[in-house]
Amino acid sequence: MADVVTVNLFGLCSERIGTRRIRIAAAILLAWMAALPVIAADETFSTLTVGGETFTNVTVLTKTRNDVFISHGRGMASLKVKQLDTLTQIKLGYLVEPPKPTKSESIKSTVANISRIEADPRVQAAEAEIMARFAQAVEQFDPRIFYGLIAAIILSYLSFSSLCRSICLKVAGPPKELIPLIWLPFLKQIPLLKAAGMSPAWMLTNLVPGLFLVTYIVWSFKITKARGKNVAVAVFLLLPVTNLFAFLYLAMSGDTTDGEPKKRNVISLPSSARREAA
């Protein structure tokens with residue numbers, strides 16, 4: 001029907017006007033009208049279900065980014081693109097993102113990728129070479145090195161514990177019954193805290209990452225004061241490298257007060273009394 005009307009229109013225009021321009025325009029219009037059924041055929045659906053409602057004899061009239069306007073057996077309607085199923089969106093020319101894989105699908109894909117990697121001959125050859133080198137290193141390993149390392153660790157721990165014991169003995173803080181705890185890991189903090197006049201409850205800060213640093217700062221200043229040393233020793237106790245020397249100084253130096261050596265309590269007798277005593 002559209003072709004007949006177009007042909008009649010083309011003939012009428014040619015008879016009345018007869019200009020070359022009108023004939024060319026009419027020819028273009030005729031070709032466009034003839035192509036319409038082909039274009040429409042790609043965007044027609046016998047049935048289309050959207051949101052629980054089914055449309056029949058559907059023809060797409062206009063498409064926008066978010067909406068699709070259709071004509072169907074009962075009239076016309078406007079549909080949201082997001083309401084259409086994935087296959088319909090693809091057929092209408094919309095770019096659809098692929099659905100995200102579920103956790104089980106991701107795990108299966110990961111396992112499959114690992115299996116492919118393990119099956120790669122190059123990976124297998126590299127694993128075999130690593131295992132061969134490791135076995136060779138084990139065979140060449142001297143057990144004396146291992147035993148020497150263990151002995152060095154034990155000796156370092158005992159030396160450190162001995163220095164801690166020396167600090168505790170040189171202050172009036174911890175009771176003597178707590179001194180043996182100085183040789184036990186973790187529990188050595190009890191006499192050290194008592195030596196600085198601090199409660200053993202400060203040990204609970206070990207359970208919070210980073211909070212024990214506050215305890216160490218407070219302990220450094222308090223133990224320095226308890227040993228009668230200058231506050232600079234506490235500062236050195238907090239700094240890298242110098243903390244080792246400051247700790248050795250606290251453990252091995254004598255008793256002082258405000259940087260001055262403590263004077264011994266000596267009773268001086270008069271010269272006459274000394275002669276009589278002699």
# chains A, B, ... in the order shown; residues from 1 in each chain; ligands from 1
call {"tool": "select_by_dssp", "arguments": {"residues": "region 46-82 of chain A", "states": "strand (DSSP E)", "output": "list in words"}}
result
Ser46, Thr47, Leu48, Thr49, Val50, Glu53, Thr54, Phe55, Thr56, Asn57, Val58, Thr59, Val60, Leu61, Thr62, Lys63, Asp67, Val68, Phe69, Ile70, Ser71, His72, Gly75, Met76, Ala77, Ser78, Leu79 and Lys80 of chain A
call {"tool": "residues_around", "arguments": {"residues": "Gln83 (chain A)", "least_positions_apart": "5", "cutoff": "12 Å", "atoms": "only C-alpha atoms", "output": "ChimeraX atom specification"}}
result
/A:48-53,66-68,78,88-89
call {"tool": "write_last_selection", "arguments": {"atoms": "N, CA and C atoms", "output": "PDB file, in the first residue's frame"}}
result
ATOM      1  N   LEU A  48       6.190  -9.885  23.770  1.00  0.00           N
ATOM      2  CA  LEU A  48       7.220  -9.249  24.588  1.00  0.00           C
ATOM      3  C   LEU A  48       6.680  -9.118  26.003  1.00  0.00           C
ATOM      4  N   THR A  49       7.381  -9.744  26.956  1.00  0.00           N
ATOM      5  CA  THR A  49       6.949  -9.723  28.355  1.00  0.00           C
ATOM      6  C   THR A  49       7.839  -8.781  29.135  1.00  0.00           C
ATOM      7  N   VAL A  50       7.233  -7.803  29.778  1.00  0.00           N
ATOM      8  CA  VAL A  50       7.963  -6.804  30.565  1.00  0.00           C
ATOM      9  C   VAL A  50       7.239  -6.613  31.889  1.00  0.00           C
ATOM     10  N   GLY A  51       7.943  -6.910  32.986  1.00  0.00           N
ATOM     11  CA  GLY A  51       7.365  -6.690  34.312  1.00  0.00           C
ATOM     12  C   GLY A  51       6.083  -7.456  34.556  1.00  0.00           C
ATOM     13  N   GLY A  52       5.980  -8.656  34.055  1.00  0.00           N
ATOM     14  CA  GLY A  52       4.791  -9.476  34.275  1.00  0.00           C
ATOM     15  C   GLY A  52       3.674  -9.215  33.285  1.00  0.00           C
ATOM     16  N   GLU A  53       3.826  -8.239  32.395  1.00  0.00           N
ATOM     17  CA  GLU A  53       2.807  -7.928  31.381  1.00  0.00           C
ATOM     18  C   GLU A  53       3.332  -8.345  30.011  1.00  0.00           C
ATOM     19  N   ASN A  66      16.982   5.600  27.833  1.00  0.00           N
ATOM     20  CA  ASN A  66      16.345   4.946  28.967  1.00  0.00           C
ATOM     21  C   ASN A  66      14.972   4.361  28.653  1.00  0.00           C
ATOM     22  N   ASP A  67      14.375   4.733  27.503  1.00  0.00           N
ATOM     23  CA  ASP A  67      13.003   4.318  27.215  1.00  0.00           C
ATOM     24  C   ASP A  67      12.900   3.739  25.816  1.00  0.00           C
ATOM     25  N   VAL A  68      11.896   2.870  25.629  1.00  0.00           N
ATOM     26  CA  VAL A  68      11.555   2.294  24.325  1.00  0.00           C
ATOM     27  C   VAL A  68      10.052   2.470  24.135  1.00  0.00           C
ATOM     28  N   SER A  78       5.024   2.758  26.580  1.00  0.00           N
ATOM     29  CA  SER A  78       6.405   3.194  26.812  1.00  0.00           C
ATOM     30  C   SER A  78       7.032   2.262  27.839  1.00  0.00           C
ATOM     31  N   THR A  88      16.738  -9.078  24.892  1.00  0.00           N
ATOM     32  CA  THR A  88      15.956  -8.043  24.190  1.00  0.00           C
ATOM     33  C   THR A  88      16.762  -6.754  24.096  1.00  0.00           C
ATOM     34  N   GLN A  89      17.460  -6.382  25.175  1.00  0.00           N
ATOM     35  CA  GLN A  89      18.285  -5.172  25.119  1.00  0.00           C
ATOM     36  C   GLN A  89      19.370  -5.289  24.046  1.00  0.00           C
TER      37      GLN A  89
END
call {"tool": "atom_distance", "arguments": {"atom1": "CA of Val235 (chain A)", "atom2": "CA of Leu158 (chain A)"}}
result
25.4 Å
call {"tool": "atom_distance", "arguments": {"atom1": "CA of Ser161 (chain A)", "atom2": "CA of Ala196 (chain A)"}}
result
16.2 Å
call {"tool": "closest_residue", "arguments": {"among": "A:Ser199, A:Ser109, A:Ser220, A:Gln140", "to": "Asn243 (chain A)", "atoms": "only C-alpha atoms"}}
result
A:Ser220
call {"tool": "closest_residue", "arguments": {"among": "A:Phe160, A:Ile114, A:Trp202, A:Val123", "to": "Pro185 (chain A)", "atoms": "only C-alpha atoms"}}
result
A:Phe160
call {"tool": "residues_around", "arguments": {"residues": "Asn57 (chain A)", "least_positions_apart": "2", "cutoff": "8 Å", "atoms": "only C-alpha atoms", "output": "PyMOL selection string"}}
result
chain A and resi 44-47+55+59+71-73
call {"tool": "select_by_dssp", "arguments": {"residues": "region 38-240 of chain A", "states": "alpha helix (DSSP H)", "output": "VMD selection string"}}
result
chain A and resid 38 to 41 86 to 91 103 to 119 121 to 140 143 to 169 189 to 195 212 to 226 231 to 238
call {"tool": "atom_distance", "arguments": {"atom1": "CA of Leu193 (chain A)", "atom2": "CA of Thr205 (chain A)"}}
result
12.6 Å
